[in-house]
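In what follows, a structure is listed as structure tokens, so that the remarks can point back to it.
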Amino acid sequence: MKPLISIITPIYNADKYLAETIESVLKQTYPKWELLLLDDGSTDSSLSIARSFSDERIRVFHQENSGVGAARNLGIQEMTGDYFCFLDADDVLPEESVASRLKKFNDNTSLSFVDGMVRYVNHELKPMDRLYKPSFRGNPLNRLIALDQSCLFGNTWMIKKRDNVVYRFDERMTHAEDLYFYISICRQDPGLYDFVEDEILYYRQSDANSMKNYRGLEDGYRKLLDRITDHKIGSWSKRLYLRFRITRIMVLTHLFDGRDFLSSFRCCFKYWY
């Protein structure tokens, strides 16, 4: 029997691109999937667009605005698949995205996580000259704690669902919550990470990208560091290196991207007390 793949899509005021996102799932060459559309209190026509698709594999949920973490958690709670992955409401899956990652799982039963290449596209889905490609294979926990991009772009992993693992986003985090989610499940699941040599996501670039919210990103990294420290995740040296990496990222982000010297200087000390 073919396994069921759950695709979880949180939605908030995404009516501009949502139909393209849903249609990309409908075009998957692997047919046994369910798409969970989680409307998080949208004030535009997103909910109407989601409900306009009649395919029985699509399920639509609505909640009062509670944040992307809460929407994803609702999807996790309602999913019935053997594997699951996330898809943002403005991104697109290439036609072989599900099939290629599932084949990798079938070829190696020790895998818990399968990733792939991510193509940056503009708002019209035209390819940009930028491609993310993973390069790591193995147990990803220490790489994640080190903010190593060799195995983490964002919410692009396909995950094999395990009965003994708690899958839940920290709803108090609005940035870096995906990284902490993966760290939390890797602590529980000793399975391996691998990737396919195929593009599995078209990542749309827009002004609404949450990573451009520098203050929010600062707060997200602060909470990430606090949780990893409080739960003593990883060795002392790895946690120390994480402080250094976060400090460096935020100093350079404010200095060269935000062009904010004072904020850059403040971040030299923010994560050390």
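Residue numbers start at 1 in each chain; chains themselves are named A, B, ... in the order of the structure tokens; ligands are numbered from 1 in the order shown.
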
From a DSSP pass on the backbone, collect the residues of segment 149-239 of chain A flagged as helix (DSSP H, G or I) and hand them back as number ranges by chain. A: 177-188, 210-212, 214-230, 236-239

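Within the 7 Å cut-off around Cys85 of chain A, using only C-alpha atoms and omitting residues fewer than 2 positions from it on the same chain, the listed residues are Ser6, Ile7, Ile8, Leu87, Thr156, Trp157, Met158 and Ile159 of chain A.
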
Let me see the file: selected residues, N, CA, C and O atoms, as a compact mmCIF listing (two decimals), in the first residue's frame.
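Contents of the output file part38.txt:
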```txt
# COMPACT_ATOMS: atom_id res chain seq x y z
N SER A 6 1.17 13.92 4.09
CA SER A 6 0.42 15.10 4.54
C SER A 6 1.23 16.35 4.23
O SER A 6 2.42 16.44 4.57
N ILE A 7 0.59 17.31 3.59
CA ILE A 7 1.21 18.60 3.26
C ILE A 7 0.47 19.68 4.05
O ILE A 7 -0.75 19.83 3.91
N ILE A 8 1.18 20.39 4.89
CA ILE A 8 0.58 21.34 5.82
C ILE A 8 0.89 22.77 5.38
O ILE A 8 2.06 23.17 5.30
N LEU A 87 4.41 23.55 3.55
CA LEU A 87 4.45 24.35 2.33
C LEU A 87 3.83 25.70 2.64
O LEU A 87 2.65 25.78 3.00
N THR A 156 11.60 22.72 4.76
CA THR A 156 11.65 21.98 3.50
C THR A 156 11.83 20.48 3.70
O THR A 156 11.85 19.74 2.72
N TRP A 157 11.96 20.04 4.92
CA TRP A 157 12.14 18.61 5.16
C TRP A 157 10.82 17.85 4.96
O TRP A 157 9.75 18.32 5.34
N MET A 158 10.92 16.66 4.38
CA MET A 158 9.83 15.70 4.50
C MET A 158 10.18 14.80 5.67
O MET A 158 11.33 14.35 5.79
N ILE A 159 9.23 14.55 6.54
CA ILE A 159 9.48 13.89 7.82
C ILE A 159 8.70 12.59 7.89
O ILE A 159 7.50 12.56 7.60
```

Next on the checklist: as JSON, numbers by chain, please: the residues near Arg187 of chain A (cut-off 12 Å, only C-alpha atoms, same-chain neighbours under 6 positions excluded).
Outcome noted: {"A": [139, 140, 141, 142, 144, 145, 164, 165, 166, 167, 180, 181, 228, 231, 232, 233, 234]}

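The interatomic distance for the pair atom CA of Lys160 of chain A and atom CA of Ser24 of chain A works out to 21.7 Å.
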
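Between atom CA of Glu78 of chain A and atom CA of Leu4 of chain A the interatomic distance comes to 13.5 Å.
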
note - atom CA of Met79 of chain A and atom CA of Asp107 of chain A are separated by 24.3 Å

Neighbour list for segment 15-17 of chain A as a PyMOL selection string, cut-off 12 Å, only C-alpha atoms, skip fewer than 5 positions in-chain: chain A and resi 22-24+39+42-51+88-92+122-125+204-206
